[in-house]
>>> print(open('query.cif').read())   # mmCIF, C-alpha atoms and all ligand atoms
data_data
#
loop_
_atom_site.label_atom_id
_atom_site.label_comp_id
_atom_site.auth_asym_id
_atom_site.auth_seq_id
_atom_site.Cartn_x
_atom_site.Cartn_y
_atom_site.Cartn_z
CA MET A 1 16.08 -4.90 -40.52
CA PRO A 2 18.13 -7.89 -39.31
CA CYS A 3 17.03 -11.35 -40.36
CA ILE A 4 16.28 -14.42 -38.21
CA LYS A 5 19.71 -15.92 -38.81
CA SER A 6 21.62 -12.80 -37.85
CA VAL A 7 19.64 -12.04 -34.66
CA LEU A 8 20.06 -15.66 -33.62
CA ASN A 9 23.82 -15.42 -34.17
CA ASP A 10 24.08 -12.22 -32.15
CA ALA A 11 21.83 -13.51 -29.37
CA THR A 12 23.73 -16.79 -29.09
CA LYS A 13 27.01 -14.90 -28.62
CA ILE A 14 25.48 -12.65 -25.99
CA LEU A 15 23.94 -15.51 -24.04
CA ALA A 16 27.14 -17.57 -24.08
CA ASN A 17 28.26 -15.76 -20.90
CA CYS A 18 25.19 -16.57 -18.85
CA SER A 19 23.70 -19.80 -20.20
CA ASP A 20 24.78 -23.41 -20.73
CA SER A 21 22.58 -23.59 -23.82
CA PRO A 22 22.88 -20.17 -25.50
CA GLN A 23 21.73 -21.22 -28.97
CA LEU A 24 18.71 -23.12 -27.73
CA ASP A 25 17.76 -20.26 -25.40
CA ALA A 26 18.03 -17.76 -28.27
CA GLU A 27 15.89 -19.95 -30.53
CA VAL A 28 13.23 -20.53 -27.87
CA LEU A 29 13.03 -16.81 -27.11
CA LEU A 30 12.77 -15.92 -30.78
CA CYS A 31 10.00 -18.51 -31.20
CA LEU A 32 8.24 -16.89 -28.25
CA THR A 33 8.58 -13.46 -29.87
CA LEU A 34 7.42 -14.54 -33.31
CA LYS A 35 4.83 -17.05 -32.00
CA LYS A 36 6.30 -19.68 -34.31
CA ASP A 37 8.07 -22.99 -33.77
CA ARG A 38 11.74 -23.79 -34.31
CA THR A 39 11.10 -25.34 -37.72
CA TYR A 40 9.97 -21.89 -38.87
CA LEU A 41 13.34 -20.39 -37.82
CA ARG A 42 15.18 -23.05 -39.84
CA THR A 43 12.90 -22.69 -42.86
CA TRP A 44 13.04 -18.89 -43.06
CA PRO A 45 16.54 -17.87 -41.88
CA ASP A 46 16.60 -14.82 -44.18
CA LYS A 47 13.23 -13.45 -43.10
CA GLU A 48 13.59 -9.98 -41.62
CA LEU A 49 12.13 -9.10 -38.24
CA GLU A 50 9.76 -6.19 -37.89
CA ALA A 51 10.93 -3.38 -35.61
CA GLU A 52 8.48 -4.35 -32.86
CA GLN A 53 9.50 -7.98 -33.02
CA GLU A 54 13.14 -7.04 -32.77
CA ALA A 55 12.46 -4.84 -29.74
CA ALA A 56 10.41 -7.55 -28.02
CA PHE A 57 13.11 -10.13 -28.67
CA TRP A 58 15.83 -7.94 -27.15
CA GLU A 59 13.68 -7.39 -24.12
CA TYR A 60 13.46 -11.16 -23.54
CA LEU A 61 17.15 -11.44 -24.21
CA ASN A 62 17.93 -8.77 -21.62
CA LYS A 63 15.92 -10.61 -18.99
CA ARG A 64 17.65 -13.88 -19.84
CA GLN A 65 21.01 -12.14 -19.69
CA GLN A 66 20.16 -10.92 -16.22
CA GLY A 67 19.49 -14.52 -15.26
CA THR A 68 15.75 -15.11 -15.60
CA PRO A 69 15.33 -18.78 -16.58
CA VAL A 70 13.87 -19.41 -20.04
CA ALA A 71 10.94 -21.35 -18.55
CA TYR A 72 9.84 -18.29 -16.58
CA LEU A 73 9.95 -16.21 -19.77
CA THR A 74 8.00 -18.68 -21.89
CA GLY A 75 5.81 -19.70 -18.94
CA THR A 76 5.99 -23.38 -19.85
CA ARG A 77 8.25 -26.42 -19.57
CA GLU A 78 7.81 -29.90 -20.93
CA PHE A 79 7.80 -32.88 -18.59
CA TRP A 80 7.08 -36.48 -19.63
CA SER A 81 5.92 -35.19 -23.05
CA ARG A 82 3.35 -32.78 -21.63
CA ASP A 83 3.56 -29.00 -21.39
CA PHE A 84 3.21 -27.49 -17.95
CA LEU A 85 2.50 -23.92 -17.02
CA VAL A 86 5.26 -22.58 -14.75
CA THR A 87 5.70 -19.28 -12.92
CA PRO A 88 8.31 -18.12 -10.39
CA ASP A 89 5.98 -19.52 -7.69
CA VAL A 90 6.95 -23.06 -8.63
CA LEU A 91 10.11 -25.00 -9.32
CA ILE A 92 10.94 -25.50 -13.00
CA PRO A 93 10.39 -29.17 -13.93
CA ARG A 94 13.67 -31.08 -14.30
CA ALA A 95 14.44 -34.13 -16.40
CA ASP A 96 15.84 -35.77 -13.21
CA THR A 97 12.34 -36.01 -11.80
CA GLU A 98 11.30 -38.30 -14.66
CA LEU A 99 13.18 -41.03 -12.76
CA LEU A 100 10.63 -40.68 -9.98
CA ILE A 101 7.83 -41.18 -12.51
CA GLU A 102 9.51 -44.23 -14.06
CA LEU A 103 9.84 -45.84 -10.65
CA CYS A 104 6.25 -45.05 -9.67
CA LEU A 105 4.98 -46.55 -12.92
CA THR A 106 6.76 -49.83 -12.18
CA ILE A 107 4.95 -50.00 -8.82
CA ILE A 108 1.41 -48.90 -9.70
CA PRO A 109 -0.62 -51.99 -10.62
CA ALA A 110 -1.89 -51.88 -14.20
CA ASN A 111 -5.57 -52.35 -13.45
CA ALA A 112 -6.27 -52.52 -9.73
CA PRO A 113 -7.26 -49.16 -8.20
CA SER A 114 -4.59 -47.53 -6.10
CA SER A 115 -4.19 -44.36 -4.09
CA ILE A 116 -1.27 -42.01 -4.44
CA ILE A 117 -0.23 -38.86 -2.63
CA ASP A 118 2.27 -36.37 -4.08
CA LEU A 119 3.49 -34.05 -1.34
CA GLY A 120 4.76 -30.59 -2.29
CA THR A 121 3.42 -30.90 -5.80
CA GLY A 122 4.53 -27.45 -7.06
CA SER A 123 3.42 -27.13 -10.70
CA GLY A 124 1.85 -30.57 -10.30
CA ILE A 125 4.11 -32.49 -12.68
CA ILE A 126 4.32 -35.67 -10.58
CA ALA A 127 0.66 -35.88 -9.59
CA ILE A 128 -0.60 -34.96 -13.07
CA THR A 129 1.74 -37.31 -14.93
CA LEU A 130 0.80 -40.23 -12.68
CA ALA A 131 -2.91 -39.39 -12.82
CA ALA A 132 -2.75 -39.17 -16.62
CA GLU A 133 -0.68 -42.32 -17.13
CA CYS A 134 -2.78 -44.29 -14.64
CA PRO A 135 -6.38 -43.07 -14.91
CA HIS A 136 -7.54 -45.83 -12.54
CA THR A 137 -5.63 -44.27 -9.62
CA GLU A 138 -6.88 -41.72 -7.10
CA VAL A 139 -4.25 -39.05 -6.64
CA THR A 140 -3.96 -36.46 -3.88
CA ALA A 141 -1.65 -33.51 -4.52
CA THR A 142 -0.59 -31.17 -1.73
CA ASP A 143 1.38 -28.00 -1.41
CA TYR A 144 1.96 -25.55 1.39
CA SER A 145 1.80 -22.70 -1.12
CA LEU A 146 -1.70 -21.78 -2.31
CA THR A 147 -0.24 -20.10 -5.39
CA ALA A 148 1.59 -23.29 -6.34
CA LEU A 149 -1.58 -25.29 -5.79
CA HIS A 150 -3.46 -22.94 -8.08
CA ILE A 151 -0.89 -23.48 -10.83
CA ALA A 152 -1.07 -27.25 -10.35
CA GLN A 153 -4.87 -27.04 -10.67
CA LEU A 154 -4.57 -25.05 -13.90
CA ASN A 155 -2.18 -27.67 -15.24
CA ALA A 156 -4.54 -30.49 -14.28
CA LYS A 157 -7.38 -28.70 -16.04
CA GLN A 158 -5.30 -28.14 -19.14
CA HIS A 159 -4.60 -31.87 -19.34
CA ASN A 160 -8.20 -32.85 -18.55
CA ILE A 161 -7.27 -34.67 -15.38
CA ASN A 162 -10.13 -35.51 -13.08
CA ASN A 163 -8.60 -38.05 -10.72
CA ILE A 164 -6.64 -35.59 -8.56
CA GLN A 165 -7.74 -33.97 -5.36
CA PHE A 166 -5.77 -30.85 -4.33
CA VAL A 167 -5.18 -30.05 -0.66
CA GLN A 168 -3.28 -27.16 0.88
CA SER A 169 -1.11 -28.79 3.48
CA ASP A 170 2.26 -28.52 5.16
CA TRP A 171 3.40 -32.08 4.37
CA PHE A 172 0.83 -34.39 6.01
CA ASN A 173 -0.58 -31.80 8.46
CA GLU A 174 -3.97 -31.34 6.78
CA ILE A 175 -4.30 -34.89 5.50
CA THR A 176 -7.02 -36.86 7.23
CA PRO A 177 -5.81 -40.31 8.25
CA THR A 178 -6.01 -42.07 4.91
CA HIS A 179 -3.76 -44.86 3.78
CA TYR A 180 -1.96 -44.68 0.48
CA HIS A 181 -0.34 -47.30 -1.72
CA LEU A 182 2.22 -44.80 -2.86
CA ILE A 183 3.65 -41.72 -1.17
CA VAL A 184 5.85 -39.67 -3.43
CA SER A 185 7.65 -36.34 -3.15
CA ASN A 186 10.25 -34.11 -4.71
CA PRO A 187 10.84 -32.06 -1.56
CA PRO A 188 13.31 -29.24 -1.02
CA TYR A 189 16.68 -30.84 -0.31
CA ILE A 190 19.44 -28.29 -0.88
CA ALA A 191 21.50 -27.34 2.18
CA PRO A 192 21.10 -23.66 3.17
CA ASP A 193 24.84 -22.99 2.68
CA ASP A 194 25.01 -24.66 -0.76
CA GLN A 195 26.47 -22.16 -3.23
CA HIS A 196 24.18 -23.41 -6.03
CA LEU A 197 21.34 -21.52 -4.39
CA ILE A 198 22.94 -18.23 -5.31
CA GLN A 199 23.96 -19.21 -8.84
CA GLY A 200 22.26 -19.54 -12.23
CA ASP A 201 18.58 -20.34 -12.62
CA LEU A 202 18.14 -21.43 -8.98
CA ARG A 203 18.34 -17.77 -7.86
CA PHE A 204 14.97 -17.18 -9.51
CA GLU A 205 13.15 -20.25 -8.23
CA PRO A 206 11.18 -20.35 -4.96
CA LEU A 207 13.60 -20.95 -2.10
CA SER A 208 10.91 -22.81 -0.18
CA ALA A 209 10.95 -25.46 -2.92
CA LEU A 210 14.73 -25.81 -2.91
CA ARG A 211 16.24 -25.20 0.51
CA SER A 212 15.93 -27.40 3.55
CA ASP A 213 17.64 -27.14 6.94
CA GLU A 214 19.77 -29.86 8.53
CA GLN A 215 22.05 -30.17 5.48
CA GLY A 216 19.05 -30.33 3.18
CA LEU A 217 17.49 -33.26 5.02
CA ARG A 218 14.90 -31.68 7.29
CA ASP A 219 11.93 -32.13 4.98
CA ILE A 220 12.87 -35.65 3.91
CA LYS A 221 13.18 -36.48 7.61
CA ILE A 222 9.64 -35.20 8.25
CA LEU A 223 8.38 -37.29 5.33
CA ALA A 224 10.13 -40.46 6.50
CA GLU A 225 8.87 -39.95 10.07
CA THR A 226 5.25 -39.21 9.14
CA ALA A 227 4.72 -41.48 6.11
CA PRO A 228 4.31 -44.67 8.22
CA ARG A 229 1.01 -43.29 9.59
CA TYR A 230 -0.35 -42.79 6.07
CA ILE A 231 0.92 -45.82 4.20
CA LEU A 232 -0.77 -49.12 3.43
CA PRO A 233 0.99 -52.41 4.17
CA GLN A 234 3.21 -53.25 1.15
CA GLY A 235 3.00 -49.56 0.16
CA TYR A 236 5.97 -47.51 -1.02
CA LEU A 237 7.59 -44.21 -0.12
CA LEU A 238 9.66 -42.58 -2.89
CA VAL A 239 11.57 -39.34 -2.52
CA GLU A 240 13.88 -37.40 -4.78
CA HIS A 241 17.05 -36.15 -3.07
CA GLY A 242 20.48 -34.64 -3.62
CA TYR A 243 23.31 -36.57 -5.32
CA ASN A 244 25.18 -36.79 -2.00
CA GLN A 245 22.27 -37.72 0.28
CA GLN A 246 21.88 -41.42 -0.54
CA GLN A 247 23.31 -42.72 2.75
CA ALA A 248 21.51 -40.18 4.93
CA VAL A 249 18.15 -40.79 3.24
CA GLN A 250 18.55 -44.57 3.43
CA THR A 251 19.31 -44.22 7.15
CA LEU A 252 16.19 -42.08 7.68
CA PHE A 253 14.06 -44.66 5.87
CA LYS A 254 15.60 -47.49 7.93
CA GLU A 255 15.18 -45.68 11.25
CA ASN A 256 11.51 -45.18 10.50
CA GLY A 257 10.82 -48.82 9.73
CA PHE A 258 10.96 -49.05 5.93
CA SER A 259 12.29 -52.20 4.25
CA HIS A 260 13.75 -53.11 0.85
CA ILE A 261 15.38 -49.69 0.70
CA GLN A 262 16.99 -48.91 -2.64
CA THR A 263 18.46 -45.83 -4.28
CA PHE A 264 18.27 -45.24 -8.03
CA THR A 265 20.46 -43.07 -10.25
CA ASP A 266 19.35 -40.33 -12.63
CA LEU A 267 20.34 -39.79 -16.27
CA SER A 268 23.70 -38.35 -15.24
CA GLY A 269 24.47 -41.35 -13.05
CA GLN A 270 23.83 -39.54 -9.73
CA PRO A 271 21.91 -41.19 -6.88
CA ARG A 272 18.60 -39.31 -7.08
CA VAL A 273 15.61 -41.28 -5.77
CA THR A 274 15.31 -43.54 -2.74
CA ARG A 275 12.48 -46.01 -2.38
CA GLY A 276 11.36 -47.95 0.66
CA GLN A 277 8.55 -50.41 1.26
CA TRP A 278 6.30 -50.58 4.30
CA LEU A 279 5.91 -54.20 5.36
N1 LIG B 301 17.22 -30.96 -8.33
C1 LIG B 301 17.12 -29.57 -8.03
C2 LIG B 301 18.46 -28.90 -8.20
O1 LIG B 301 19.44 -29.34 -7.63
C3 LIG B 301 16.56 -29.32 -6.66
C4 LIG B 301 15.15 -29.70 -6.60
C5 LIG B 301 14.68 -29.81 -5.18
O2 LIG B 301 15.22 -29.24 -4.24
N2 LIG B 301 13.67 -30.58 -5.02
O3 LIG B 301 18.56 -27.93 -8.90
#
>>> encode(input="query.cif", output="structure tokens")
Amino acid sequence: MPCIKSVLNDATKILANCSDSPQLDAEVLLCLTLKKDRTYLRTWPDKELEAEQEAAFWEYLNKRQQGTPVAYLTGTREFWSRDFLVTPDVLIPRADTELLIELCLTIIPANAPSSIIDLGTGSGIIAITLAAECPHTEVTATDYSLTALHIAQLNAKQHNINNIQFVQSDWFNEITPTHYHLIVSNPPYIAPDDQHLIQGDLRFEPLSALRSDEQGLRDIKILAETAPRYILPQGYLLVEHGYNQQQAVQTLFKENGFSHIQTFTDLSGQPRVTRGQWL
């Protein structure tokens, strides 16, 4: 029977054609198969796999080779040091979105109560991270998709979060006129003709969470137009957007009456989040 080291070598070579991180993917999938962590793989490189383990591993590898993202195979992805359940009904959490969290945390007052709404919450990473980091806040999390909302609720339960209310809503449609200190969203923002939609991991993610009409701006436009009716004076609107949408998003914020508009760059130096204040 082949040992850990040799299957990892073979798997890494095979995945090199379809993944940017073949070795990591192979290790994560072997951990999933063996129900062990990566330290185990390093500690026991000569340990032989049982026939069933080998078969199960190659099955995962086949799926990965055909494009299924690792997060949909393992069913989890880490975000802001917490594990989140993910399925193909929700977008896979991205490191880029941690910028949105950082910016929200600089705004949320340390002790005073505040109200936050996360629109299009998906797996719930934004709402849950903010609710966990700021237990004195009241968070509302919405999604149009009931399946996504169910996953977000499971994630909230797993992290023992009690300060989130979940609402099925198409953006603000089902939200009763409430005023929030902070309105935040990672909406779909990829233009329908963008080739990335038919490449790599994106092919397996829900299109409704990725694609937006009007060059990717339709949903951000709805948010900028509707947010003023739901925001408290001095409150903030923060949205994640595409690397090339800074000007367009700033214009939408300006046209809808926001002030102190600023765009912030992600870890790779790309404009990624725009923030505006309601004065
Ligand atoms: N940042 C994601 C990507 O380009 C898109 C996420 C989104 O549309 N909200 O892969």
>>> closest_residue(input="query.cif", among="A:Gln250, A:Ser145, A:Thr176, A:Thr97", to="ligand LIG 301 (chain B)", atoms="only C-alpha atoms and all ligand atoms")
A:Thr97
>>> closest_atom_pairs(input="query.cif", of="chain A", to="ligand LIG 301 (chain B)", cutoff="8 Å", atoms="only C-alpha atoms and all ligand atoms", output="JSON lines")
{"residue": "A:Leu91", "atom": "CA", "partner": "B:LIG301", "partner_atom": "C4", "distance": 7.4}
{"residue": "A:Arg94", "atom": "CA", "partner": "B:LIG301", "partner_atom": "N1", "distance": 6.9}
{"residue": "A:Asp96", "atom": "CA", "partner": "B:LIG301", "partner_atom": "N1", "distance": 7.0}
{"residue": "A:Thr97", "atom": "CA", "partner": "B:LIG301", "partner_atom": "N1", "distance": 7.8}
{"residue": "A:Asn186", "atom": "CA", "partner": "B:LIG301", "partner_atom": "N2", "distance": 4.9}
{"residue": "A:Pro187", "atom": "CA", "partner": "B:LIG301", "partner_atom": "N2", "distance": 4.7}
{"residue": "A:Pro188", "atom": "CA", "partner": "B:LIG301", "partner_atom": "O2", "distance": 3.7}
{"residue": "A:Tyr189", "atom": "CA", "partner": "B:LIG301", "partner_atom": "O2", "distance": 4.5}
{"residue": "A:Ile190", "atom": "CA", "partner": "B:LIG301", "partner_atom": "O2", "distance": 5.5}
{"residue": "A:His196", "atom": "CA", "partner": "B:LIG301", "partner_atom": "O1", "distance": 7.8}
{"residue": "A:Leu202", "atom": "CA", "partner": "B:LIG301", "partner_atom": "O3", "distance": 6.5}
{"residue": "A:Ala209", "atom": "CA", "partner": "B:LIG301", "partner_atom": "O2", "distance": 5.9}
{"residue": "A:Leu210", "atom": "CA", "partner": "B:LIG301", "partner_atom": "O2", "distance": 3.7}
{"residue": "A:Arg211", "atom": "CA", "partner": "B:LIG301", "partner_atom": "O2", "distance": 6.3}
{"residue": "A:Glu240", "atom": "CA", "partner": "B:LIG301", "partner_atom": "N2", "distance": 6.8}
{"residue": "A:His241", "atom": "CA", "partner": "B:LIG301", "partner_atom": "N2", "distance": 6.8}
{"residue": "A:Gly242", "atom": "CA", "partner": "B:LIG301", "partner_atom": "O1", "distance": 6.7}
>>> write_last_selection(input="query.cif", atoms="C-alpha atoms", output="compact mmCIF listing (two decimals), in the frame of the given file")
# COMPACT_ATOMS: atom_id res chain seq x y z
CA LEU A 91 10.11 -25.00 -9.32
CA ARG A 94 13.67 -31.08 -14.30
CA ASP A 96 15.84 -35.77 -13.21
CA THR A 97 12.34 -36.01 -11.80
CA ASN A 186 10.25 -34.11 -4.71
CA PRO A 187 10.84 -32.06 -1.56
CA PRO A 188 13.31 -29.24 -1.02
CA TYR A 189 16.68 -30.84 -0.31
CA ILE A 190 19.44 -28.29 -0.88
CA HIS A 196 24.18 -23.41 -6.03
CA LEU A 202 18.14 -21.43 -8.98
CA ALA A 209 10.95 -25.46 -2.92
CA LEU A 210 14.73 -25.81 -2.91
CA ARG A 211 16.24 -25.20 0.51
CA GLU A 240 13.88 -37.40 -4.78
CA HIS A 241 17.05 -36.15 -3.07
CA GLY A 242 20.48 -34.64 -3.62
>>> residues_around(input="query.cif", residues="range 60-62 of chain A", least_positions_apart="3", cutoff="10 Å", atoms="all atoms listed in the file", output="number ranges by chain")
A: 11-12, 14-15, 25-26, 29-30, 32-33, 55-57, 65-68, 70, 73-74
>>> residues_around(input="query.cif", residues="range 133-143 of chain A", least_positions_apart="2", cutoff="8 Å", atoms="all atoms listed in the file", output="CSV table (one decimal) with C-alpha atoms, in the frame of the given file")
chain,number,residue,atom,x,y,z
A,108,ILE,CA,1.4,-48.9,-9.7
A,110,ALA,CA,-1.9,-51.9,-14.2
A,111,ASN,CA,-5.6,-52.4,-13.4
A,112,ALA,CA,-6.3,-52.5,-9.7
A,113,PRO,CA,-7.3,-49.2,-8.2
A,114,SER,CA,-4.6,-47.5,-6.1
A,115,SER,CA,-4.2,-44.4,-4.1
A,116,ILE,CA,-1.3,-42.0,-4.4
A,117,ILE,CA,-0.2,-38.9,-2.6
A,118,ASP,CA,2.3,-36.4,-4.1
A,119,LEU,CA,3.5,-34.0,-1.3
A,120,GLY,CA,4.8,-30.6,-2.3
A,121,THR,CA,3.4,-30.9,-5.8
A,122,GLY,CA,4.5,-27.4,-7.1
A,124,GLY,CA,1.8,-30.6,-10.3
A,127,ALA,CA,0.7,-35.9,-9.6
A,129,THR,CA,1.7,-37.3,-14.9
A,130,LEU,CA,0.8,-40.2,-12.7
A,131,ALA,CA,-2.9,-39.4,-12.8
A,145,SER,CA,1.8,-22.7,-1.1
A,146,LEU,CA,-1.7,-21.8,-2.3
A,148,ALA,CA,1.6,-23.3,-6.3
A,149,LEU,CA,-1.6,-25.3,-5.8
A,163,ASN,CA,-8.6,-38.0,-10.7
A,164,ILE,CA,-6.6,-35.6,-8.6
A,165,GLN,CA,-7.7,-34.0,-5.4
A,166,PHE,CA,-5.8,-30.8,-4.3
A,167,VAL,CA,-5.2,-30.0,-0.7
A,168,GLN,CA,-3.3,-27.2,0.9
A,169,SER,CA,-1.1,-28.8,3.5
A,170,ASP,CA,2.3,-28.5,5.2
A,171,TRP,CA,3.4,-32.1,4.4
>>> atom_distance(input="query.cif", atom1="CA of Lys157 in chain A", atom2="CA of Glu27 in chain A")
28.8 Å
>>> atom_distance(input="query.cif", atom1="CA of Val7 in chain A", atom2="CA of Glu54 in chain A")
8.4 Å
>>> closest_residue(input="query.cif", among="A:Asp266, A:Glu214, A:Asp83, A:Glu174", to="Leu154 in chain A", atoms="only C-alpha atoms")
A:Asp83
>>> closest_residue(input="query.cif", among="A:Asn162, A:Gln234, A:Gln245, A:Ser259", to="Arg218 in chain A", atoms="all atoms listed in the file")
A:Gln245
>>> atom_distance(input="query.cif", atom1="CA of Asp10 in chain A", atom2="CA of Asp46 in chain A")
14.4 Å
>>> decode(input="query.cif", residues="range 82-97 of chain A", atoms="N, CA, C and O atoms", output="short mmCIF file (atom, residue, chain, number, x, y, z; two decimals), in the first residue's frame")
data_model
loop_
_atom_site.label_atom_id
_atom_site.label_comp_id
_atom_site.auth_asym_id
_atom_site.auth_seq_id
_atom_site.Cartn_x
_atom_site.Cartn_y
_atom_site.Cartn_z
N ARG A 82 -12.37 31.66 12.63
CA ARG A 82 -13.47 30.75 12.99
C ARG A 82 -13.77 29.86 11.79
O ARG A 82 -13.64 30.31 10.65
N ASP A 83 -14.23 28.64 12.08
CA ASP A 83 -14.61 27.73 10.99
C ASP A 83 -16.06 27.93 10.63
O ASP A 83 -16.91 27.98 11.52
N PHE A 84 -16.34 28.01 9.34
CA PHE A 84 -17.71 28.16 8.87
C PHE A 84 -18.08 27.00 7.97
O PHE A 84 -17.29 26.59 7.10
N LEU A 85 -19.30 26.52 8.19
CA LEU A 85 -19.86 25.50 7.32
C LEU A 85 -20.15 26.15 5.97
O LEU A 85 -20.75 27.24 5.92
N VAL A 86 -19.72 25.53 4.87
CA VAL A 86 -20.07 26.04 3.54
C VAL A 86 -20.56 24.91 2.64
O VAL A 86 -20.07 23.79 2.72
N THR A 87 -21.53 25.23 1.82
CA THR A 87 -22.04 24.28 0.81
C THR A 87 -22.13 25.05 -0.50
O THR A 87 -22.01 26.29 -0.50
N PRO A 88 -22.38 24.36 -1.61
CA PRO A 88 -22.48 25.08 -2.89
C PRO A 88 -23.64 26.09 -2.94
O PRO A 88 -23.79 26.79 -3.93
N ASP A 89 -24.43 26.19 -1.89
CA ASP A 89 -25.49 27.21 -1.85
C ASP A 89 -24.97 28.56 -1.44
O ASP A 89 -25.69 29.55 -1.50
N VAL A 90 -23.74 28.60 -0.93
CA VAL A 90 -23.18 29.88 -0.48
C VAL A 90 -21.79 30.09 -1.06
O VAL A 90 -21.08 29.12 -1.38
N LEU A 91 -21.43 31.36 -1.14
CA LEU A 91 -20.09 31.73 -1.60
C LEU A 91 -19.06 31.21 -0.61
O LEU A 91 -19.32 31.18 0.59
N ILE A 92 -17.88 30.84 -1.09
CA ILE A 92 -16.80 30.42 -0.19
C ILE A 92 -16.17 31.68 0.41
O ILE A 92 -15.84 32.62 -0.32
N PRO A 93 -16.04 31.74 1.73
CA PRO A 93 -15.44 32.93 2.35
C PRO A 93 -14.06 33.22 1.75
O PRO A 93 -13.27 32.31 1.49
N ARG A 94 -13.81 34.52 1.51
CA ARG A 94 -12.51 34.95 0.97
C ARG A 94 -11.79 35.83 1.97
O ARG A 94 -12.43 36.61 2.68
N ALA A 95 -10.45 35.74 1.93
CA ALA A 95 -9.64 36.58 2.82
C ALA A 95 -9.92 38.06 2.57
O ALA A 95 -9.89 38.87 3.50
N ASP A 96 -10.24 38.43 1.31
CA ASP A 96 -10.51 39.84 0.97
C ASP A 96 -11.59 40.44 1.87
O ASP A 96 -11.56 41.64 2.19
N THR A 97 -12.56 39.61 2.23
CA THR A 97 -13.70 40.13 2.99
C THR A 97 -13.31 40.47 4.43
O THR A 97 -14.04 41.19 5.12
#
